[in-house]
Amino acid sequence: MIKFTLYSRSWCHLCEDMLAALRKLETPGRPFEIEVIDVDADPALVERFDELVPVLYGDLAEPELCHYFLDETAVRRYLERYQPLALGT
């Protein structure tokens, strides 16, 4: 299964918006997991991401997919490219 990692913080409305928009892209035929990591829980993550959140990564050695706002096109391309691998075909 495809897994996304969303670097976020609890008081960030852009983070909530990105998570909601990402969840809308999931379908029964294209399931995925979303791990939400609070950057404020780790000083190294604050140093790395700080004002850049939300930041979305895929799980297959992909560079950053998007930040601030969901790039739906980039996420759909990522899913199309890697969904067959996740299903084992």
# chains A, B, ... in the order shown; residues from 1 in each chain; ligands from 1
>>> residues_around(residues="A:Asp17", least_positions_apart="5", cutoff="12 Å", atoms="only C-alpha atoms", output="PyMOL selection string")
chain A and resi 6+8-12+22-24+53-55+67-71
>>> select_by_dssp(residues="stretch 32-84 of chain A", states="helix (DSSP H, G or I)", output="list in words")
Val39, Asp40, Ala41, Pro43, Ala44, Leu45, Val46, Glu47, Arg48, Phe49, Asp50, Glu51, Leu52, Glu72, Thr73, Ala74, Val75, Arg76, Arg77, Tyr78, Leu79, Glu80, Arg81, Tyr82, Gln83 and Pro84 of chain A
>>> residues_around(residues="A:Tyr7", least_positions_apart="2", cutoff="9 Å", atoms="only C-alpha atoms", output="list in words")
Thr5, Arg9, Cys15, Glu35, Val36, Ile37, Asp38, Val39, Leu45, Phe49, Val53, Pro54, Val55, Leu56 and Tyr57 of chain A
>>> closest_residue(among="A:Leu52, A:Pro28, A:Glu16, A:Gly58", to="A:Arg76", atoms="only C-alpha atoms")
A:Gly58
>>> closest_residue(among="A:Cys66, A:Ala21, A:Ala44, A:Met1", to="A:Leu79", atoms="only C-alpha atoms")
A:Met1
>>> select_by_dssp(residues="chain A", states="strand (DSSP E)", output="PyMOL selection string")
chain A and resi 2-8+32-38+55-57+64-67
>>> write_last_selection(atoms="C-alpha atoms", output="PDB file, in the first residue's frame")
ATOM      1  CA  ILE A   2       1.204   3.491  -0.784  1.00  0.00           C
ATOM      2  CA  LYS A   3       2.046   5.619   2.221  1.00  0.00           C
ATOM      3  CA  PHE A   4       2.276   9.388   2.349  1.00  0.00           C
ATOM      4  CA  THR A   5       4.029  11.346   5.062  1.00  0.00           C
ATOM      5  CA  LEU A   6       2.605  14.742   5.910  1.00  0.00           C
ATOM      6  CA  TYR A   7       4.794  16.998   8.007  1.00  0.00           C
ATOM      7  CA  SER A   8       2.393  19.227   9.868  1.00  0.00           C
ATOM      8  CA  PHE A  32      -3.214   4.656   0.739  1.00  0.00           C
ATOM      9  CA  GLU A  33      -2.018   5.471   4.234  1.00  0.00           C
ATOM     10  CA  ILE A  34      -1.195   8.919   5.561  1.00  0.00           C
ATOM     11  CA  GLU A  35       1.251   9.335   8.411  1.00  0.00           C
ATOM     12  CA  VAL A  36       0.970  12.777   9.970  1.00  0.00           C
ATOM     13  CA  ILE A  37       4.087  13.933  11.800  1.00  0.00           C
ATOM     14  CA  ASP A  38       3.969  16.957  14.070  1.00  0.00           C
ATOM     15  CA  VAL A  55       4.985  19.304   3.447  1.00  0.00           C
ATOM     16  CA  LEU A  56       3.931  16.080   1.706  1.00  0.00           C
ATOM     17  CA  TYR A  57       6.222  13.199   0.773  1.00  0.00           C
ATOM     18  CA  GLU A  64       8.847  16.369  -1.772  1.00  0.00           C
ATOM     19  CA  LEU A  65       5.519  16.201  -3.613  1.00  0.00           C
ATOM     20  CA  CYS A  66       4.251  19.588  -2.449  1.00  0.00           C
ATOM     21  CA  HIS A  67       4.108  22.087   0.373  1.00  0.00           C
TER      22      HIS A  67
END
>>> atom_distance(atom1="atom CA of A:Thr73", atom2="atom CA of A:Gly29")
18.2 Å
>>> closest_residue(among="A:Met18, A:Glu47, A:Pro31, A:His13", to="A:Tyr82", atoms="only C-alpha atoms")
A:Pro31
>>> atom_distance(atom1="atom CA of A:Thr27", atom2="atom CA of A:Pro63")
23.6 Å
